[in-house]
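Inspection log for the structure reproduced underneath, given as structure tokens.
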There are 2 protein chains.
Amino acid sequence: MPRPPTTQEFVLDELRKAIVAGRLRPRDPIRQDTIAHRLGVSRVPLREALKTLEAEGQVVYRPHRGYSVAEMSLADLLEVYRLRELLESEAAEAAVQRFTDAELTRVTDAQHDVEEAARTGDVIAMIAANRRFHFAVLEPCGMPRLLRIVGTLWDATDAYRAVYYNSEVNRVRVCHEHEAIVGAVRRRDAAELTAALTAHRQHTVESLEGTIDTREETDP
Amino acid sequence: MPRPPTTQEFVLDELRKAIVAGRLRPRDPIRQDTIAHRLGVSRVPLREALKTLEAEGQVVYRPHRGYSVAEMSLADLLEVYRLRELLESEAAEAAVQRFTDAELTRVTDAQHDVEEAARTGDVIAMIAANRRFHFAVLEPCGMPRLLRIVGTLWDATDAYRAVYYNSEVNRVRVCHEHEAIVGAVRRRDAAELTAALTAHRQHTVESLEGTIDTREETDP
DNA sequence: CAACTGTATATTGGATCCAAAATTACCGTG
DNA sequence: CACGGTAATTTTGGATCCAATATACAGTTG
């Protein structure tokens with residue numbers, strides 16, 4: 001029986017959604033009183049949710065100065081994608097030999113969800129489905145810590161992802177590249193899979209590079 | 001100017017120390033009231049510190065059931081060391097070409113601290129110095145997220161590390177292997193450095209394997 | 001005697017209140 | 001007008017209180 005979510009879980013979810021949807025943008029300070037009041041909760045569960053996001057690198061915290069949405073430099077972006085390359089390659093190689101029929105179905109189901117969202121142009125839904133797709137591919141690797149780390153790396157670029165999916169050509173390209181990934185999984189071809197994933201990431205990071213804010217940080 | 005630590009920072013520090021020192025052992029439930037009272041603080045900063053430890057995987061959290069110290073299965077241990085191999089190799093290769101004199105000094109300083117602690121048999125001090133040594137080696141890689149992830153992987157085995165350093169022969173071996181690492185850094189030899197680090201990890205994980213508790217988890 | 005139900009207790013989750021720190025606004029001074 | 005210092009305000013940090021949930025136990029029933 002599923003447990004009703006606690007308030008901090010609810011708040012954590014709302015904050016994540018606000019970040020991917022762009023309602024909370026990089027550098028935005030997070031006024032606890034404002035957000036808590038807006039969500040109809042007290043500051044306590046909000047602060048615990050923020051602690052989680054802080055550990056994931058989604059927000060930054062400075063004692064007595066509060067939390068703000070983390071921003072990425074170009075170097076940060078490249079580092080995240082380099083780390084994803086290292087870890088996802090490891091995961092993909094381990095996963096590709098282990099796929100069960102049920103796990104394969106999860107992949108194709110997510111693939112179709114992505115295509116559906118791409119057609120309708122629902123950027124938020126596409127981001128969520130795309131995440132499900134990629135983790136359905138990696139999940140069978142049997143390395144829970146690796147998946148958790150990749151998850152946080154994935155989250156780290158959430159604030160920048162919506163702009164990418166706003167472009168029709170990007171959405172089409174994503175779907176096309178997903179086909180190559182699914183094909184490699186079906187053929188149980190580790191080299192082909194890692195190559196397809198790497199190419200997929202490469203295209204994304206090239207597009208994202210343009211969206212990085214290059215203003216200088218002012219830190220008195 | 002250094003800022004006085006906040007209560008949650010103090011609590012986080014105390015919890016970490018309690019875990020490495022074995023005062024909090026894997027599977028131990030963490031009674032918030034007890035711990036908070038023992039540290040002379042309220043439950044609020046304790047809970048925020050626990051959230052941080054949860055995100056790092058040092059404790060596990062189940063809503064309404066509370067926090068307990070995370071335990072590792074053998075598979076967990078092997079995964080952690082596999083991930084460290086992937087990430088530390090990447091870091092070492094990037095770092096080895098960039099060492100400044102100051103950074104090299106940090107390495108040798110930490111090396112001497114390790115040797116001093118090994119001589120006196122101060123296990124806790126040796127664990128801390130050993131961590132400083134390894135991160136002094138990896139630090140110049142210029143990949144902050146990678147270092148943070150490696151840090152959490154490092155922390156994840158803290159609860160199991162003390163038993164390893166309790167053995168005189170292990171302490172001597174560590175010091176000896178550190179010499180090989182320092183030599184590789186001095187010669188700026190990336191292949192030699194990664195090999196030395198990998199061998200060093202391999203010896204540790206083999207020793208740690210024996211300390212893993214293999215009881216079954218009871219989860220009603 | 002096992003399984004179930006209701007109740008008491010312990011423990012965590014969340015809200016409110018107060019204290020501490022930082023930011024801002026305001027002034028006087030040069 | 002710029003600058004420095006100080007008071008007022010805002011915001012966060014922490015403590016306490018109350019509510020909600022889970023656990024333990026007793027009693028009941030088949």
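Ordered as shown in the structure tokens, chains take letters A, B, and onward, while each chain numbers its residues from 1 and ligands are numbered from 1 in the order shown.
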Might you pull out every residue within 10 Å of DT11 (chain C), with only C-alpha atoms (C1' of nucleotides) counted and same-chain residues fewer than 6 positions away left off, and present them as an mmCIF file with N, CA and C atoms (P, O5', C5', C4', C3', O3' and C1' of nucleotides), in the first residue's frame?
```
data_model
loop_
_atom_site.group_PDB
_atom_site.id
_atom_site.type_symbol
_atom_site.label_atom_id
_atom_site.label_comp_id
_atom_site.auth_asym_id
_atom_site.auth_seq_id
_atom_site.Cartn_x
_atom_site.Cartn_y
_atom_site.Cartn_z
ATOM 1 N N ARG B 31 17.957 7.771 17.302
ATOM 2 C CA ARG B 31 16.862 8.408 18.028
ATOM 3 C C ARG B 31 17.160 9.893 18.127
ATOM 4 N N GLN B 32 16.332 10.684 17.471
ATOM 5 C CA GLN B 32 16.629 12.109 17.376
ATOM 6 C C GLN B 32 16.680 12.757 18.749
ATOM 7 N N ASP B 33 15.732 12.414 19.594
ATOM 8 C CA ASP B 33 15.684 13.039 20.913
ATOM 9 C C ASP B 33 16.943 12.721 21.716
ATOM 10 N N HIS B 64 8.557 8.495 8.946
ATOM 11 C CA HIS B 64 7.846 8.054 10.155
ATOM 12 C C HIS B 64 8.569 6.921 10.879
ATOM 13 N N ARG B 65 9.651 6.438 10.286
ATOM 14 C CA ARG B 65 10.403 5.385 10.965
ATOM 15 C C ARG B 65 11.778 5.878 11.376
ATOM 16 N N GLY B 66 12.179 6.994 10.802
ATOM 17 C CA GLY B 66 13.415 7.618 11.246
ATOM 18 C C GLY B 66 14.655 7.214 10.478
ATOM 19 P P DT D 21 -1.211 10.791 9.479
ATOM 20 O "O5'" DT D 21 -0.183 9.603 9.728
ATOM 21 C "C5'" DT D 21 1.206 9.828 9.528
ATOM 22 C "C4'" DT D 21 2.007 8.827 10.333
ATOM 23 C "C3'" DT D 21 1.499 7.381 10.238
ATOM 24 O "O3'" DT D 21 2.404 6.650 9.430
ATOM 25 C "C1'" DT D 21 2.201 7.979 12.444
ATOM 26 P P DA D 22 2.321 5.091 9.218
ATOM 27 O "O5'" DA D 22 3.218 4.517 10.393
ATOM 28 C "C5'" DA D 22 4.586 4.898 10.451
ATOM 29 C "C4'" DA D 22 5.247 4.296 11.678
ATOM 30 C "C3'" DA D 22 5.165 2.776 11.781
ATOM 31 O "O3'" DA D 22 6.406 2.284 12.234
ATOM 32 C "C1'" DA D 22 4.238 3.736 13.712
ATOM 33 P P DT D 23 6.761 0.729 12.129
ATOM 34 O "O5'" DT D 23 6.774 0.237 13.655
ATOM 35 C "C5'" DT D 23 7.673 0.879 14.566
ATOM 36 C "C4'" DT D 23 7.270 0.560 15.982
ATOM 37 C "C3'" DT D 23 7.131 -0.944 16.303
ATOM 38 O "O3'" DT D 23 8.033 -1.260 17.339
ATOM 39 C "C1'" DT D 23 5.295 0.301 17.170
#
```
- Return the neighbours of chain A among the residues of chain B, cut-off 7 Å, counting only C-alpha atoms, as a ChimeraX atom specification. /B:48,51-52,55,79,143
- Message: At a cut-off of 12 Å, which residues of chain C touch chain B? Count only C-alpha atoms (C1' of nucleotides) and give the answer as a ChimeraX atom specification.
- Response: /C:10-14,20-21
Could you write out that same residue set with N, CA and C atoms (P, O5', C5', C4', C3', O3' and C1' of nucleotides) as a compact mmCIF listing (two decimals), in the first residue's frame?
```txt
# COMPACT_ATOMS: atom_id res chain seq x y z
P DA C 10 6.61 5.51 26.72
O5' DA C 10 7.56 5.47 25.43
C5' DA C 10 7.71 4.23 24.72
C4' DA C 10 8.10 4.50 23.29
C3' DA C 10 9.14 5.61 23.12
O3' DA C 10 10.09 5.19 22.17
C1' DA C 10 7.24 6.11 21.81
P DT C 11 11.46 6.00 21.98
O5' DT C 11 11.23 6.69 20.56
C5' DT C 11 10.82 5.87 19.46
C4' DT C 11 10.42 6.76 18.31
C3' DT C 11 11.30 8.00 18.15
O3' DT C 11 11.89 8.00 16.88
C1' DT C 11 9.00 8.56 17.98
P DT C 12 12.87 9.16 16.35
O5' DT C 12 12.03 9.76 15.13
C5' DT C 12 11.45 8.86 14.19
C4' DT C 12 10.29 9.53 13.48
C3' DT C 12 10.68 10.79 12.69
O3' DT C 12 10.06 10.73 11.41
C1' DT C 12 8.91 11.27 14.15
P DG C 13 10.33 11.87 10.35
O5' DG C 13 9.01 12.76 10.50
C5' DG C 13 7.80 12.29 9.92
C4' DG C 13 6.82 13.44 9.75
C3' DG C 13 7.39 14.66 9.04
O3' DG C 13 6.40 15.16 8.15
C1' DG C 13 6.70 15.27 11.21
P DG C 14 6.66 16.52 7.39
O5' DG C 14 6.02 17.55 8.42
C5' DG C 14 4.63 17.49 8.69
C4' DG C 14 4.19 18.70 9.48
C3' DG C 14 4.57 20.06 8.90
O3' DG C 14 3.42 20.89 8.96
C1' DG C 14 5.32 19.91 11.12
P DA C 20 20.43 35.43 20.93
O5' DA C 20 21.00 35.34 19.44
C5' DA C 20 21.24 34.06 18.87
C4' DA C 20 21.66 34.23 17.42
C3' DA C 20 22.71 35.32 17.19
O3' DA C 20 23.66 34.85 16.25
C1' DA C 20 20.83 35.74 15.84
P DA C 21 25.07 35.62 16.08
O5' DA C 21 25.12 35.95 14.53
C5' DA C 21 24.73 34.96 13.58
C4' DA C 21 24.18 35.64 12.35
C3' DA C 21 25.06 36.78 11.82
O3' DA C 21 25.69 36.34 10.62
C1' DA C 21 22.71 37.32 11.76
```
- Determine, counting only C-alpha atoms (C1' of nucleotides), which protein, DNA and RNA residues have an atom within 10 Å of an atom of Val163 (chain A); residues of the same chain fewer than 3 positions away are not included. Present the result as a PyMOL selection string. chain A and resi 20-22+123+159-160+166-167+207-208+211
- Query: Could you pull out all residues of region 1-191 of chain A with a DSSP call of alpha helix (DSSP H) and give them as a PyMOL selection string?
  - Reply: chain A and resi 7-20+32-39+43-56+74-96+101-120+123-138+144-156+158-165+168-186+190-191
Compile a residue-level contact table for chain D against chain A at a cut-off of 12 Å, reporting for every qualifying residue the shortest atom pair and its distance in Å to one decimal, with only C-alpha atoms (C1' of nucleotides) counted, rows ordered by chain and ascending number, as CSV.
```
residue,atom,partner,partner_atom,distance
D:DT10,C1',A:Arg31,CA,10.5
D:DT11,C1',A:Arg31,CA,7.8
D:DT12,C1',A:His64,CA,5.3
D:DG13,C1',A:His64,CA,7.4
D:DG14,C1',A:Val44,CA,11.1
D:DA20,C1',A:Thr6,CA,10.5
D:DT21,C1',A:Thr6,CA,10.8
```
Selected residues, N, CA, C and O atoms (P, O5', C5', C4', C3', O3' and C1' of nucleotides), written as a PDB file, in the first residue's frame, please.
```
ATOM      1  P    DT D  10      10.458  44.884   6.743  1.00  0.00           P
ATOM      2  O5'  DT D  10      11.372  43.721   6.152  1.00  0.00           O
ATOM      3  C5'  DT D  10      12.450  44.065   5.283  1.00  0.00           C
ATOM      4  C4'  DT D  10      13.400  42.895   5.149  1.00  0.00           C
ATOM      5  C3'  DT D  10      12.719  41.535   4.979  1.00  0.00           C
ATOM      6  O3'  DT D  10      13.293  40.894   3.871  1.00  0.00           O
ATOM      7  C1'  DT D  10      14.316  41.432   6.707  1.00  0.00           C
ATOM      8  P    DT D  11      12.660  39.560   3.250  1.00  0.00           P
ATOM      9  O5'  DT D  11      13.618  38.447   3.845  1.00  0.00           O
ATOM     10  C5'  DT D  11      15.018  38.544   3.614  1.00  0.00           C
ATOM     11  C4'  DT D  11      15.734  37.499   4.440  1.00  0.00           C
ATOM     12  C3'  DT D  11      15.022  36.144   4.482  1.00  0.00           C
ATOM     13  O3'  DT D  11      15.863  35.149   3.943  1.00  0.00           O
ATOM     14  C1'  DT D  11      15.720  36.820   6.639  1.00  0.00           C
ATOM     15  P    DT D  12      15.435  33.607   3.866  1.00  0.00           P
ATOM     16  O5'  DT D  12      16.407  32.955   4.940  1.00  0.00           O
ATOM     17  C5'  DT D  12      17.796  33.233   4.879  1.00  0.00           C
ATOM     18  C4'  DT D  12      18.450  32.932   6.215  1.00  0.00           C
ATOM     19  C3'  DT D  12      18.372  31.466   6.646  1.00  0.00           C
ATOM     20  O3'  DT D  12      19.654  31.055   7.097  1.00  0.00           O
ATOM     21  C1'  DT D  12      17.561  32.849   8.355  1.00  0.00           C
ATOM     22  P    DG D  13      19.886  29.547   7.539  1.00  0.00           P
ATOM     23  O5'  DG D  13      19.800  29.649   9.126  1.00  0.00           O
ATOM     24  C5'  DG D  13      20.898  30.211   9.827  1.00  0.00           C
ATOM     25  C4'  DG D  13      20.827  29.854  11.294  1.00  0.00           C
ATOM     26  C3'  DG D  13      20.639  28.368  11.576  1.00  0.00           C
ATOM     27  O3'  DG D  13      21.476  27.996  12.664  1.00  0.00           O
ATOM     28  C1'  DG D  13      18.829  29.591  12.503  1.00  0.00           C
ATOM     29  P    DG D  14      21.362  26.547  13.251  1.00  0.00           P
ATOM     30  O5'  DG D  14      20.271  26.745  14.401  1.00  0.00           O
ATOM     31  C5'  DG D  14      20.567  27.618  15.481  1.00  0.00           C
ATOM     32  C4'  DG D  14      19.502  27.502  16.544  1.00  0.00           C
ATOM     33  C3'  DG D  14      19.208  26.082  17.034  1.00  0.00           C
ATOM     34  O3'  DG D  14      19.227  26.103  18.449  1.00  0.00           O
ATOM     35  C1'  DG D  14      17.195  27.155  16.378  1.00  0.00           C
ATOM     36  P    DA D  20      -3.397  15.896  13.277  1.00  0.00           P
ATOM     37  O5'  DA D  20      -2.388  14.791  12.714  1.00  0.00           O
ATOM     38  C5'  DA D  20      -1.353  15.193  11.834  1.00  0.00           C
ATOM     39  C4'  DA D  20      -0.425  14.013  11.571  1.00  0.00           C
ATOM     40  C3'  DA D  20      -1.142  12.688  11.284  1.00  0.00           C
ATOM     41  O3'  DA D  20      -0.515  12.061  10.186  1.00  0.00           O
ATOM     42  C1'  DA D  20       0.376  12.406  13.071  1.00  0.00           C
ATOM     43  P    DT D  21      -1.211  10.791   9.479  1.00  0.00           P
ATOM     44  O5'  DT D  21      -0.183   9.603   9.728  1.00  0.00           O
ATOM     45  C5'  DT D  21       1.206   9.828   9.528  1.00  0.00           C
ATOM     46  C4'  DT D  21       2.007   8.827  10.333  1.00  0.00           C
ATOM     47  C3'  DT D  21       1.499   7.381  10.238  1.00  0.00           C
ATOM     48  O3'  DT D  21       2.404   6.650   9.430  1.00  0.00           O
ATOM     49  C1'  DT D  21       2.201   7.979  12.444  1.00  0.00           C
TER      50       DT D  21
END
```
- Message: I want to know what sits within 7 Å of Thr7 (chain B), based on only C-alpha atoms (C1' of nucleotides), with residues of the same chain fewer than 3 positions away left out; could you give that as a ChimeraX atom specification?
- Response: /B:10-11,45
- Message: Please report the interatomic distance between CA of Leu138 (chain A) and CA of Leu77 (chain B) in Å with one decimal.
- Response: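 CA of Leu138 (chain A) sits 20.0 Å away from CA of Leu77 (chain B).
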- Close residues, Val107 (chain A) itself excluded, 8 Å, only C-alpha atoms (C1' of nucleotides), min 6 positions apart in chain, as a ChimeraX atom specification: /A:133-134,136-137,182
Could you write out the selected residues, including N, CA and C atoms, as a compact mmCIF listing (two decimals), in the first residue's frame?
```txt
# COMPACT_ATOMS: atom_id res chain seq x y z
N PHE A 133 13.10 7.17 -19.89
CA PHE A 133 13.69 6.37 -20.96
C PHE A 133 15.15 6.03 -20.66
N HIS A 134 15.92 7.04 -20.37
CA HIS A 134 17.35 6.81 -20.16
C HIS A 134 17.61 5.92 -18.95
N ALA A 136 15.52 3.73 -17.76
CA ALA A 136 15.08 2.38 -18.11
C ALA A 136 16.20 1.63 -18.83
N VAL A 137 16.98 2.36 -19.61
CA VAL A 137 18.10 1.74 -20.32
C VAL A 137 19.20 1.33 -19.34
N VAL A 182 17.58 2.18 -28.69
CA VAL A 182 16.73 1.00 -28.53
C VAL A 182 17.23 -0.16 -29.40
```
- Message: Just want the 12 Å neighbourhood of DA3 (chain C), counted on only C-alpha atoms (C1' of nucleotides), with same-chain residues fewer than 4 positions away dropped. Output as a VMD selection string.
- Response: chain D and resid 28 to 30
- Message: I need the residues of region 17-87 of chain A that end up classed as strand (DSSP E) by DSSP on the backbone, written out as a ChimeraX atom specification.
- Response: /A:29-30,59-62,66-69
- What does the distance between CA of Arg201 (chain A) and CA of Glu177 (chain A) come to in Å, to one decimal place?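 Those two atoms sit 10.0 Å apart.
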